[in-house]
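Visitor: A single structure is presented below for examination.
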There are 2 protein chains.
Amino acid sequence: MKPINVGLLGIGTVGGGTFTVLKRNQEEISRRAGRGIVVKMIADKDLDKARALAGNEATVTDNAMDVVTNPDIDIVVELIGGQTFAKDLILEAIAQGKHVVTANKALLAAHGTEIFAAARDKGVMVAFEAAVAGGIPIIKALREGLTANRIEWIAGIINGTANFILSEMREKGLSFQPVLDQAQALGYAEADPTFDVEGIDAAHKITIMAAIAFGIPVQFDKVYTEGVAKLTQEDIRYAEELGYRIKLLGITKRVEKGIEIRVHPALIPTRRLIANVEGVMNAVLVKGDAVGPTLYYGAGAGAEPTASSVIADLVDVTRMQTADPTHRVPTLSFQPDLLSDTPVLSMDEVETAYYLRLQVVDQAGVLAEITRILADLGISISAMIQKEHASDEDTVNIIILTHDTIEKNINSAITSIEALPVVTGQVTRIRIEELSS
Amino acid sequence: MKPINVGLLGIGTVGGGTFTVLKRNQEEISRRAGRGIVVKMIADKDLDKARALAGNEATVTDNAMDVVTNPDIDIVVELIGGQTFAKDLILEAIAQGKHVVTANKALLAAHGTEIFAAARDKGVMVAFEAAVAGGIPIIKALREGLTANRIEWIAGIINGTANFILSEMREKGLSFQPVLDQAQALGYAEADPTFDVEGIDAAHKITIMAAIAFGIPVQFDKVYTEGVAKLTQEDIRYAEELGYRIKLLGITKRVEKGIEIRVHPALIPTRRLIANVEGVMNAVLVKGDAVGPTLYYGAGAGAEPTASSVIADLVDVTRMQTADPTHRVPTLSFQPDLLSDTPVLSMDEVETAYYLRLQVVDQAGVLAEITRILADLGISISAMIQKEHASDEDTVNIIILTHDTIEKNINSAITSIEALPVVTGQVTRIRIEELSS
């Protein structure tokens, strides 16, 4: 059978890795796919770099549209990133009847609905395993491996930069800024680290997983997002003492009223496997009603791990490209005309447990005032410890762990507590996720 | 579209779970599959039980061949087990042009080649996600998720019973027999625990994974198998002190001379995620050349977790059943006419590191004699500790960790060491797997 022709848009880290791995493993890949998969055209602004990579195996251009409109190209691999030009390219590729493989989580989280609808109209596939958790085949697990299950929730360490920062802070006792500097020096964090440390990248990924898990449209604008920049050494240490580790989690959960989609730091029991995922590694914990908890672990970024997912998609698309579209795995796991309109809940409605750290004046009656506020809001306490000598010598740190409560109530409680004269400074609030059921 | 009709052979644990989950989640499953999947016929020797389960939704018979030959049945789910009748049923189902889903690892490990060839001739699918690691979608990960990779090795905790026993021995300081008794009382171990504790069940599973990972035929007869019955509390404790945890691993590895397939207890560094998989849970660590290490964790047995895999296969087969067979994922991941004849190595040729425990008379010169034997065979030592007071007061325990060496050499060394008059009793030998590269 004649080989499948791939047009590669962008030869940055992932694009370069994709070209390299496809070439190195071409024999095994074609033994699996049943035919060759070859990069026929490469588009990149850096023509010299593209020429050096392509050798005499692929045509090179600095105009990506030339690849998209070339009738010889069967599959377009979009690895340029961003939400403007990349979107135009993908929509044009679809319009030209080409299948698309992309790692562009930001684009899919925001514009997936439009892109998937266009692909459906043209009967082509849009595959995006590389968009979530790098080399871990989590999209395939959710979309195909767990089809028997009603998915209950997903909790993932899906940003390697943030996880590296938290691991280093904990292991070396450092504060956020020096570790971020180190991550940047090592190339684990971008010059502008906002997307990673503020949880935006993780929010893109959990948006996509939520859509696949629950059969809902991608709804990035409804995701609650909180990053790791404000976490302190103090909280990491207290968490450890209490048997928890702090991780930046992307969480999506089906509850009675709707679907939660949120990204924030969370205390996880140290005995959970996922709490022990350190450094730049990623892991996604999925709870299905039949299978129970399953965990998927691996490299969440990097040239070849991400290329592994891009190429897995290429093999899938190659196998299915001449098949009737009704036989293919639906883009969002559920048949597109059967998507659900279950609402995404606001953060106020989310119910979870909380870690609160308060700095209070060391005098009689303080605890009574605080616990009264919590009790009046129906918030019950599961543990409380008092730590002497916060930064100010006259104050002490009080750590309170609550049982599950509504976020709205905890926010009211914090407002009232902060208004107490005996409480100095802001209350630190970190959510607790037991990940047990 | 009209529903797919399933014939269910056997309603033991997994069969019952499959019926229950298919029924409970039918709405979500058909939203994913694009059509209904219904159990139309049930075969079981226990007709009353079958009738109670089926209600008025499925026909019941005690003759499984009736299901296999019924022209209304599209997919046969074989959950009877065993290698005789189950094989006849599967071959007859294939002959009748039906697709087959099975959890029968023993049958596939021994007779997979014959069964897969028959299925290929008839253009039907044989799916077996449930045969390996229960609910973990590891077959899908290997066969589809990691297609870009040259798989280097797989190491799995793929027998929950053995893992439960080792976890309990370590956590509670008990010896093998009382923990086995407890496992039997809890229903984690069969009345005849041989398959689980002797590593045979794990050997079936690693045989299947080796075939998929390396594109070789299933070759159960060439697998080296060693169980957990001889492990002592002493070795578990010494391993822990040295930073290792002992696990029963199924390992398959591609090396220069061929392919290793083996099951045996192994010391794994405690800091590896897989070393922290406890109780009846399973986990499979896969090393691909592009993706690096990835880990898949979940329930390795049980009614609903295993049903989760059976049903995932049903959805896959439903999607693909009217498609041209060339579009389907090849049974063993690689196109069947492109399987490799790379040899499976004998255990003698395997290269790994070793933990040796020797009981020696406490006198001068003993270490010199032992280290001379190792040196003469080119075995280098990475660590050695002496533990006083073994069971006999006049002897001491010596623990030696070696660097990688050929199994044949370590066996020679052990024979020579055991022949030394200063060495009392047998040398304990446990392999060490760093699982690092």
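Every chain in the structure tokens has a letter given in the order shown (A, B, ...), and although residue numbers restart at 1 in each chain, ligands are simply numbered from 1 in the order shown.
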Restrict the distance test to only C-alpha atoms, flag each residue of chain B within 8 Å of chain A, and return the flagged residues as a ChimeraX atom specification.
Guide: /B:21-22,25,28-29,31-34,135-137,140-141,144-150,273,276-277,290-299,304-309,311-312,315-316,319-320,322-324,326-330,333-335,338
Visitor: Quick one: chain A onto chain B, least squares on all Cα paired in order, result as a short mmCIF file (atom, residue, chain, number, x, y, z; two decimals) with C-alpha atoms, in the first residue's frame?
Guide:
```
data_model
loop_
_atom_site.label_atom_id
_atom_site.label_comp_id
_atom_site.auth_asym_id
_atom_site.auth_seq_id
_atom_site.Cartn_x
_atom_site.Cartn_y
_atom_site.Cartn_z
CA MET A 1 -28.92 1.31 14.15
CA LYS A 2 -29.94 -2.07 15.52
CA PRO A 3 -28.14 -3.18 18.65
CA ILE A 4 -25.19 -5.59 18.64
CA ASN A 5 -26.13 -8.96 20.08
CA VAL A 6 -23.76 -10.49 22.56
CA GLY A 7 -23.65 -14.10 23.70
CA LEU A 8 -22.16 -14.46 27.16
CA LEU A 9 -20.44 -17.75 28.01
CA GLY A 10 -20.00 -18.13 31.75
CA ILE A 11 -21.50 -15.98 34.48
CA GLY A 12 -18.94 -16.37 37.21
CA THR A 13 -17.34 -13.28 38.73
CA VAL A 14 -16.40 -11.56 35.47
CA GLY A 15 -19.42 -12.76 33.48
CA GLY A 16 -21.79 -11.51 36.16
CA GLY A 17 -19.94 -8.22 36.34
CA THR A 18 -20.08 -7.81 32.57
CA PHE A 19 -23.84 -8.33 32.50
CA THR A 20 -24.36 -5.92 35.40
CA VAL A 21 -22.18 -3.11 34.06
CA LEU A 22 -23.53 -3.39 30.51
CA LYS A 23 -27.02 -3.04 31.91
CA ARG A 24 -26.29 -0.28 34.41
CA ASN A 25 -24.32 1.89 31.99
CA GLN A 26 -26.19 1.01 28.81
CA GLU A 27 -27.12 4.60 28.07
CA GLU A 28 -23.55 5.95 28.27
CA ILE A 29 -22.12 2.92 26.50
CA SER A 30 -24.45 3.28 23.55
CA ARG A 31 -23.81 7.05 23.41
CA ARG A 32 -20.15 6.13 22.97
CA ALA A 33 -20.52 3.07 20.73
CA GLY A 34 -23.14 4.64 18.49
CA ARG A 35 -25.50 1.70 19.01
CA GLY A 36 -26.77 -0.51 21.77
CA ILE A 37 -24.80 -3.52 23.00
CA VAL A 38 -27.10 -6.12 24.55
CA VAL A 39 -26.57 -9.55 26.01
CA LYS A 40 -29.02 -11.68 24.08
CA MET A 41 -27.99 -15.13 25.28
CA ILE A 42 -26.30 -16.47 28.40
CA ALA A 43 -24.77 -19.91 28.77
CA ASP A 44 -23.92 -21.34 32.17
CA LYS A 45 -24.06 -24.74 33.78
CA ASP A 46 -26.00 -23.18 36.65
CA LEU A 47 -29.28 -22.51 34.87
CA ASP A 48 -31.01 -21.07 37.93
CA LYS A 49 -28.28 -18.54 38.45
CA ALA A 50 -28.33 -17.67 34.76
CA ARG A 51 -32.12 -17.23 34.82
CA ALA A 52 -31.95 -15.02 37.89
CA LEU A 53 -29.37 -12.80 36.23
CA ALA A 54 -31.00 -12.70 32.79
CA GLY A 55 -34.54 -11.89 33.90
CA ASN A 56 -36.51 -11.60 30.71
CA GLU A 57 -33.73 -9.78 28.87
CA ALA A 58 -31.71 -12.73 27.61
CA THR A 59 -32.23 -16.35 26.63
CA VAL A 60 -30.55 -18.84 28.91
CA THR A 61 -28.99 -22.19 28.10
CA ASP A 62 -26.65 -24.68 29.72
CA ASN A 63 -25.16 -25.55 26.35
CA ALA A 64 -22.59 -22.95 25.36
CA MET A 65 -22.42 -24.31 21.81
CA ASP A 66 -26.04 -23.16 21.32
CA VAL A 67 -24.83 -19.58 21.81
CA VAL A 68 -21.81 -19.98 19.56
CA THR A 69 -23.86 -21.39 16.69
CA ASN A 70 -26.82 -19.03 17.04
CA PRO A 71 -26.90 -16.83 13.90
CA ASP A 72 -28.42 -13.93 15.86
CA ILE A 73 -25.30 -13.54 18.01
CA ASP A 74 -22.71 -11.07 16.67
CA ILE A 75 -20.05 -11.28 19.39
CA VAL A 76 -19.25 -14.19 21.70
CA VAL A 77 -17.81 -13.31 25.11
CA GLU A 78 -15.90 -16.29 26.49
CA LEU A 79 -15.55 -16.14 30.29
CA ILE A 80 -15.56 -19.83 31.08
CA GLY A 81 -11.80 -20.21 31.36
CA GLY A 82 -9.65 -23.29 30.91
CA GLN A 83 -7.93 -24.47 27.77
CA THR A 84 -10.11 -27.25 26.40
CA PHE A 85 -13.81 -26.47 26.12
CA ALA A 86 -13.14 -22.71 25.98
CA LYS A 87 -10.81 -23.28 23.05
CA ASP A 88 -13.41 -25.36 21.18
CA LEU A 89 -16.02 -22.67 21.77
CA ILE A 90 -13.78 -19.85 20.59
CA LEU A 91 -12.68 -21.73 17.46
CA GLU A 92 -16.28 -22.63 16.67
CA ALA A 93 -17.40 -19.01 17.19
CA ILE A 94 -14.68 -17.90 14.78
CA ALA A 95 -15.68 -20.60 12.29
CA GLN A 96 -19.23 -19.23 12.50
CA GLY A 97 -17.87 -15.79 11.58
CA LYS A 98 -18.39 -14.29 15.01
CA HIS A 99 -16.10 -11.91 16.81
CA VAL A 100 -14.76 -13.08 20.16
CA VAL A 101 -13.99 -11.22 23.36
CA THR A 102 -12.19 -13.23 26.03
CA ALA A 103 -10.39 -12.83 29.36
CA ASN A 104 -8.72 -16.22 28.98
CA LYS A 105 -5.02 -15.46 29.43
CA ALA A 106 -4.02 -19.11 29.91
CA LEU A 107 -5.62 -20.11 26.64
CA LEU A 108 -4.19 -17.21 24.63
CA ALA A 109 -0.69 -17.59 26.08
CA ALA A 110 -0.64 -21.24 25.06
CA HIS A 111 -2.85 -21.37 21.95
CA GLY A 112 -3.03 -17.77 20.80
CA THR A 113 -1.17 -18.42 17.56
CA GLU A 114 -3.74 -20.98 16.42
CA ILE A 115 -6.69 -18.86 17.54
CA PHE A 116 -5.42 -15.61 15.99
CA ALA A 117 -4.69 -17.40 12.69
CA ALA A 118 -8.21 -18.84 12.59
CA ALA A 119 -9.66 -15.39 13.29
CA ARG A 120 -7.56 -13.86 10.56
CA ASP A 121 -8.73 -16.45 8.04
CA LYS A 122 -12.35 -15.65 8.84
CA GLY A 123 -11.82 -11.88 9.05
CA VAL A 124 -13.09 -11.66 12.61
CA MET A 125 -11.63 -10.01 15.70
CA VAL A 126 -10.41 -11.66 18.90
CA ALA A 127 -10.13 -9.06 21.65
CA PHE A 128 -8.60 -9.72 25.06
CA GLU A 129 -8.03 -6.53 27.06
CA ALA A 130 -9.44 -8.33 30.10
CA ALA A 131 -6.79 -11.05 29.87
CA VAL A 132 -4.02 -8.81 31.19
CA ALA A 133 -4.14 -6.65 34.33
CA GLY A 134 -7.93 -6.68 34.76
CA GLY A 135 -9.39 -3.21 34.34
CA ILE A 136 -6.19 -1.44 33.24
CA PRO A 137 -6.37 -0.69 29.50
CA ILE A 138 -2.79 -1.90 29.01
CA ILE A 139 -3.35 -3.90 25.83
CA LYS A 140 -4.77 -0.77 24.21
CA ALA A 141 -1.88 1.34 25.49
CA LEU A 142 0.70 -1.08 24.11
CA ARG A 143 -1.08 -1.81 20.87
CA GLU A 144 -2.31 1.66 20.01
CA GLY A 145 -1.10 4.28 22.48
CA LEU A 146 2.60 3.55 22.06
CA THR A 147 2.76 2.67 18.35
CA ALA A 148 5.44 5.31 17.77
CA ASN A 149 7.85 3.54 20.04
CA ARG A 150 10.35 0.81 19.88
CA ILE A 151 9.37 -0.84 23.15
CA GLU A 152 12.47 -1.57 25.22
CA TRP A 153 11.01 -3.38 28.16
CA ILE A 154 7.92 -3.98 30.26
CA ALA A 155 7.87 -4.74 33.98
CA GLY A 156 4.53 -5.40 35.61
CA ILE A 157 2.95 -6.22 38.92
CA ILE A 158 0.34 -8.34 37.21
CA ASN A 159 -0.82 -10.74 39.88
CA GLY A 160 -2.83 -9.12 42.66
CA THR A 161 -2.76 -12.17 44.91
CA ALA A 162 1.03 -12.34 44.96
CA ASN A 163 1.28 -8.58 45.45
CA PHE A 164 -1.20 -8.68 48.32
CA ILE A 165 0.86 -11.41 49.97
CA LEU A 166 4.12 -9.48 49.62
CA SER A 167 2.51 -6.24 50.85
CA GLU A 168 1.09 -7.94 53.92
CA MET A 169 4.34 -9.75 54.67
CA ARG A 170 6.21 -6.46 54.57
CA GLU A 171 3.67 -4.29 56.38
CA LYS A 172 2.79 -6.77 59.12
CA GLY A 173 6.06 -8.67 59.46
CA LEU A 174 4.37 -12.00 58.80
CA SER A 175 5.71 -15.01 56.95
CA PHE A 176 4.32 -16.44 53.73
CA GLN A 177 1.95 -19.13 54.98
CA PRO A 178 -0.22 -17.11 57.42
CA VAL A 179 -0.60 -14.36 54.82
CA LEU A 180 -1.62 -16.89 52.18
CA ASP A 181 -4.19 -18.28 54.62
CA GLN A 182 -5.53 -14.76 55.13
CA ALA A 183 -5.62 -14.10 51.37
CA GLN A 184 -7.64 -17.27 50.94
CA ALA A 185 -10.03 -16.26 53.72
CA LEU A 186 -10.51 -12.86 52.04
CA GLY A 187 -11.14 -14.46 48.65
CA TYR A 188 -7.98 -12.94 47.16
CA ALA A 189 -6.42 -16.37 46.68
CA GLU A 190 -7.95 -19.57 45.32
CA ALA A 191 -8.20 -22.79 47.35
CA ASP A 192 -5.38 -24.01 45.09
CA PRO A 193 -3.18 -20.92 44.95
CA THR A 194 -0.52 -22.43 42.65
CA PHE A 195 -1.26 -20.28 39.60
CA ASP A 196 -0.93 -17.08 41.56
CA VAL A 197 1.87 -17.77 44.02
CA GLU A 198 4.03 -19.75 41.60
CA GLY A 199 3.90 -16.97 39.00
CA ILE A 200 2.08 -18.98 36.33
CA ASP A 201 -0.77 -16.49 35.98
CA ALA A 202 1.71 -13.64 35.67
CA ALA A 203 3.61 -15.68 33.08
CA HIS A 204 0.47 -15.99 30.96
CA LYS A 205 0.04 -12.23 31.05
CA ILE A 206 3.64 -11.29 30.31
CA THR A 207 3.63 -13.77 27.40
CA ILE A 208 0.76 -11.84 25.83
CA MET A 209 2.36 -8.44 26.48
CA ALA A 210 5.70 -9.61 25.05
CA ALA A 211 3.97 -10.67 21.84
CA ILE A 212 2.30 -7.28 21.46
CA ALA A 213 5.32 -5.24 22.47
CA PHE A 214 7.82 -6.95 20.21
CA GLY A 215 5.71 -8.35 17.41
CA ILE A 216 6.54 -11.98 18.21
CA PRO A 217 4.20 -14.98 18.52
CA VAL A 218 2.89 -15.94 21.99
CA GLN A 219 5.40 -18.39 23.47
CA PHE A 220 4.33 -19.36 26.96
CA ASP A 221 6.52 -22.47 26.98
CA LYS A 222 9.64 -20.31 26.84
CA VAL A 223 8.85 -18.14 29.88
CA TYR A 224 10.97 -18.52 33.00
CA THR A 225 8.72 -18.64 36.06
CA GLU A 226 9.54 -18.41 39.75
CA GLY A 227 7.00 -17.62 42.47
CA VAL A 228 6.89 -15.98 45.87
CA ALA A 229 6.44 -18.98 48.17
CA LYS A 230 10.10 -19.09 49.22
CA LEU A 231 10.45 -15.42 50.13
CA THR A 232 11.22 -14.82 53.78
CA GLN A 233 10.57 -12.00 56.17
CA GLU A 234 14.33 -11.70 56.55
CA ASP A 235 14.88 -10.89 52.87
CA ILE A 236 11.99 -8.45 52.77
CA ARG A 237 13.50 -6.62 55.74
CA TYR A 238 17.04 -6.56 54.36
CA ALA A 239 15.72 -5.31 51.02
CA GLU A 240 13.89 -2.50 52.80
CA GLU A 241 17.05 -1.51 54.66
CA LEU A 242 18.90 -1.34 51.36
CA GLY A 243 16.24 0.91 49.82
CA TYR A 244 14.36 -1.77 47.91
CA ARG A 245 10.97 -3.41 47.96
CA ILE A 246 10.40 -6.97 46.78
CA LYS A 247 7.68 -7.44 44.16
CA LEU A 248 6.69 -10.30 41.90
CA LEU A 249 7.36 -8.92 38.43
CA GLY A 250 6.51 -10.08 34.96
CA ILE A 251 9.34 -8.78 32.80
CA THR A 252 9.93 -8.77 29.09
CA LYS A 253 12.85 -6.99 27.53
CA ARG A 254 14.46 -6.64 24.15
CA VAL A 255 18.23 -7.10 24.29
CA GLU A 256 20.78 -7.55 21.58
CA LYS A 257 20.59 -11.34 21.44
CA GLY A 258 16.85 -11.71 21.66
CA ILE A 259 13.90 -11.27 23.97
CA GLU A 260 13.70 -12.00 27.67
CA ILE A 261 10.38 -13.14 29.13
CA ARG A 262 10.44 -13.95 32.81
CA VAL A 263 8.46 -13.90 36.04
CA HIS A 264 10.17 -13.80 39.41
CA PRO A 265 10.41 -11.80 42.62
CA ALA A 266 12.66 -8.78 42.28
CA LEU A 267 14.09 -6.01 44.42
CA ILE A 268 12.92 -2.64 43.05
CA PRO A 269 14.17 0.73 44.36
CA THR A 270 11.55 2.01 46.81
CA ARG A 271 11.60 5.45 45.20
CA ARG A 272 10.13 4.05 41.97
CA LEU A 273 6.39 4.62 41.72
CA ILE A 274 5.77 0.95 40.89
CA ALA A 275 7.49 -0.13 44.11
CA ASN A 276 4.67 1.62 45.98
CA VAL A 277 1.86 -0.35 44.36
CA GLU A 278 0.41 -2.27 47.28
CA GLY A 279 -2.25 -4.86 48.00
CA VAL A 280 -4.22 -6.44 45.18
CA MET A 281 -3.58 -3.56 42.78
CA ASN A 282 -1.71 -4.07 39.51
CA ALA A 283 0.64 -1.79 37.60
CA VAL A 284 2.55 -2.10 34.38
CA LEU A 285 5.64 -0.02 33.64
CA VAL A 286 6.46 0.26 29.94
CA LYS A 287 9.66 1.76 28.56
CA GLY A 288 9.43 3.07 25.01
CA ASP A 289 12.38 4.64 23.20
CA ALA A 290 10.48 7.85 22.45
CA VAL A 291 8.06 8.21 25.35
CA GLY A 292 10.41 6.98 28.09
CA PRO A 293 8.80 5.22 31.05
CA THR A 294 5.02 5.18 31.34
CA LEU A 295 3.03 3.48 34.08
CA TYR A 296 -0.52 2.11 34.06
CA TYR A 297 -2.14 1.34 37.40
CA GLY A 298 -5.47 -0.06 38.52
CA ALA A 299 -7.42 -3.06 39.74
CA GLY A 300 -6.02 -6.24 38.26
CA ALA A 301 -9.00 -8.44 39.02
CA GLY A 302 -12.55 -8.38 40.35
CA ALA A 303 -15.97 -8.46 38.76
CA GLU A 304 -16.48 -4.91 37.57
CA PRO A 305 -12.87 -3.88 36.84
CA THR A 306 -12.45 -6.90 34.58
CA ALA A 307 -15.89 -6.28 33.09
CA SER A 308 -14.70 -2.76 32.27
CA SER A 309 -12.11 -4.28 29.93
CA VAL A 310 -14.50 -6.85 28.46
CA ILE A 311 -16.96 -4.07 27.62
CA ALA A 312 -14.27 -1.76 26.21
CA ASP A 313 -13.48 -4.60 23.82
CA LEU A 314 -17.18 -4.97 22.99
CA VAL A 315 -17.36 -1.26 22.10
CA ASP A 316 -14.21 -1.51 19.96
CA VAL A 317 -15.51 -4.59 18.16
CA THR A 318 -18.91 -2.95 17.69
CA ARG A 319 -17.32 0.09 16.10
CA MET A 320 -15.10 -1.95 13.81
CA GLN A 321 -17.22 -4.96 12.99
CA THR A 322 -18.55 -3.72 9.67
CA ALA A 323 -15.20 -2.18 8.68
CA ASP A 324 -12.71 -3.79 6.34
CA PRO A 325 -10.36 -6.00 8.41
CA THR A 326 -7.34 -4.12 7.06
CA HIS A 327 -8.46 -1.06 8.98
CA ARG A 328 -8.54 -2.81 12.30
CA VAL A 329 -5.78 -2.73 14.87
CA PRO A 330 -3.76 -5.93 14.32
CA THR A 331 -4.39 -8.56 17.01
CA LEU A 332 -0.78 -8.58 18.14
CA SER A 333 -0.19 -4.89 17.35
CA PHE A 334 1.97 -5.71 14.32
CA GLN A 335 0.55 -6.83 10.97
CA PRO A 336 0.33 -10.63 11.22
CA ASP A 337 2.49 -11.28 8.17
CA LEU A 338 5.19 -9.09 9.69
CA LEU A 339 5.72 -10.89 13.00
CA SER A 340 9.32 -11.25 14.05
CA ASP A 341 11.17 -14.51 14.76
CA THR A 342 13.51 -12.91 17.30
CA PRO A 343 14.33 -15.74 19.72
CA VAL A 344 13.24 -15.85 23.34
CA LEU A 345 16.37 -16.18 25.46
CA SER A 346 16.87 -18.90 28.03
CA MET A 347 17.16 -17.73 31.63
CA ASP A 348 20.87 -18.62 31.59
CA GLU A 349 21.45 -15.82 29.12
CA VAL A 350 19.55 -13.15 31.05
CA GLU A 351 21.65 -10.32 32.45
CA THR A 352 20.57 -8.54 35.61
CA ALA A 353 21.78 -7.64 39.10
CA TYR A 354 21.42 -9.90 42.11
CA TYR A 355 20.78 -9.89 45.84
CA LEU A 356 22.50 -12.83 47.52
CA ARG A 357 22.05 -13.82 51.14
CA LEU A 358 24.56 -16.29 52.57
CA GLN A 359 24.70 -17.80 55.99
CA VAL A 360 28.35 -18.26 56.93
CA VAL A 361 30.41 -19.37 59.88
CA ASP A 362 31.71 -16.31 61.66
CA GLN A 363 35.45 -16.74 61.12
CA ALA A 364 38.35 -15.00 59.43
CA GLY A 365 38.89 -15.42 55.68
CA VAL A 366 35.31 -16.25 54.76
CA LEU A 367 34.70 -13.09 52.80
CA ALA A 368 37.94 -13.53 50.92
CA GLU A 369 36.85 -16.96 49.73
CA ILE A 370 33.44 -15.74 48.61
CA THR A 371 34.61 -12.63 46.86
CA ARG A 372 37.29 -14.65 45.07
CA ILE A 373 34.63 -16.94 43.60
CA LEU A 374 32.64 -13.93 42.39
CA ALA A 375 35.70 -12.19 40.99
CA ASP A 376 36.80 -15.31 39.09
CA LEU A 377 33.42 -15.33 37.34
CA GLY A 378 33.68 -11.63 36.53
CA ILE A 379 30.86 -10.72 38.90
CA SER A 380 31.38 -7.34 40.52
CA ILE A 381 29.90 -6.38 43.86
CA SER A 382 27.97 -3.14 44.32
CA ALA A 383 27.30 -3.47 48.07
CA MET A 384 27.89 -5.91 50.87
CA ILE A 385 26.59 -5.94 54.43
CA GLN A 386 27.12 -8.35 57.25
CA LYS A 387 24.27 -9.10 59.62
CA GLU A 388 24.97 -10.81 62.89
CA HIS A 389 23.15 -13.70 64.43
CA ALA A 390 21.26 -15.63 61.81
CA SER A 391 19.09 -18.45 63.17
CA ASP A 392 22.22 -20.32 64.24
CA GLU A 393 24.18 -18.30 66.78
CA ASP A 394 27.56 -19.21 65.34
CA THR A 395 26.75 -17.96 61.89
CA VAL A 396 26.16 -14.55 60.34
CA ASN A 397 24.14 -13.41 57.34
CA ILE A 398 26.07 -11.79 54.55
CA ILE A 399 24.14 -9.82 51.95
CA ILE A 400 25.82 -9.16 48.64
CA LEU A 401 24.40 -6.96 45.89
CA THR A 402 26.02 -7.49 42.51
CA HIS A 403 26.21 -5.37 39.39
CA ASP A 404 24.65 -6.74 36.22
CA THR A 405 25.88 -10.18 35.31
CA ILE A 406 24.73 -13.20 33.36
CA GLU A 407 22.40 -15.57 35.23
CA LYS A 408 24.55 -18.53 34.21
CA ASN A 409 27.52 -16.97 36.03
CA ILE A 410 25.58 -16.24 39.17
CA ASN A 411 24.37 -19.84 39.21
CA SER A 412 27.95 -21.10 38.92
CA ALA A 413 28.97 -18.76 41.70
CA ILE A 414 26.18 -19.98 43.95
CA THR A 415 27.15 -23.62 43.36
CA SER A 416 30.75 -22.86 44.29
CA ILE A 417 29.80 -20.76 47.29
CA GLU A 418 27.44 -23.41 48.63
CA ALA A 419 30.27 -25.96 48.37
CA LEU A 420 32.43 -23.92 50.75
CA PRO A 421 32.60 -25.57 54.18
CA VAL A 422 32.14 -22.19 55.88
CA VAL A 423 28.81 -21.59 54.13
CA THR A 424 25.88 -23.22 55.85
CA GLY A 425 22.64 -23.91 54.03
CA GLN A 426 21.54 -22.60 50.67
CA VAL A 427 22.30 -19.23 49.18
CA THR A 428 19.20 -17.06 48.71
CA ARG A 429 19.22 -15.38 45.31
CA ILE A 430 16.76 -12.63 44.36
CA ARG A 431 17.14 -10.58 41.20
CA ILE A 432 17.40 -6.78 41.36
CA GLU A 433 15.63 -4.66 38.78
CA GLU A 434 16.54 -0.98 38.88
CA LEU A 435 13.89 -0.15 36.22
CA SER A 436 15.80 3.00 35.45
CA SER A 437 16.66 2.84 31.77
#
```
Visitor: DSSP on the backbone: what in stretch 284-322 of chain B comes out alpha helix (DSSP H), as a PyMOL selection string?
Guide: chain B and resi 303-320
Visitor: Can you write out the residues you just picked, keeping C-alpha atoms, as a PDB file, in the first residue's frame?
Guide:
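Produced file result-v7.pdb, reproduced below:
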```
ATOM      1  CA  ALA B 303     -15.986  -8.467  38.758  1.00  0.00           C
ATOM      2  CA  GLU B 304     -16.499  -4.918  37.574  1.00  0.00           C
ATOM      3  CA  PRO B 305     -12.889  -3.884  36.868  1.00  0.00           C
ATOM      4  CA  THR B 306     -12.466  -6.895  34.584  1.00  0.00           C
ATOM      5  CA  ALA B 307     -15.912  -6.272  33.093  1.00  0.00           C
ATOM      6  CA  SER B 308     -14.704  -2.763  32.284  1.00  0.00           C
ATOM      7  CA  SER B 309     -12.115  -4.272  29.946  1.00  0.00           C
ATOM      8  CA  VAL B 310     -14.504  -6.842  28.466  1.00  0.00           C
ATOM      9  CA  ILE B 311     -16.962  -4.070  27.621  1.00  0.00           C
ATOM     10  CA  ALA B 312     -14.273  -1.756  26.223  1.00  0.00           C
ATOM     11  CA  ASP B 313     -13.488  -4.595  23.825  1.00  0.00           C
ATOM     12  CA  LEU B 314     -17.178  -4.955  23.000  1.00  0.00           C
ATOM     13  CA  VAL B 315     -17.339  -1.257  22.117  1.00  0.00           C
ATOM     14  CA  ASP B 316     -14.200  -1.515  19.979  1.00  0.00           C
ATOM     15  CA  VAL B 317     -15.496  -4.571  18.169  1.00  0.00           C
ATOM     16  CA  THR B 318     -18.910  -2.937  17.706  1.00  0.00           C
ATOM     17  CA  ARG B 319     -17.316   0.099  16.113  1.00  0.00           C
ATOM     18  CA  MET B 320     -15.089  -1.929  13.825  1.00  0.00           C
TER      19      MET B 320
END
```
Visitor: Identify, with DSSP run on backbone atoms, the residues in stretch 299-393 of chain B assigned to strand (DSSP E or B), and express the list as a PyMOL selection string.
Guide: chain B and resi 299+344+351-361+381-387
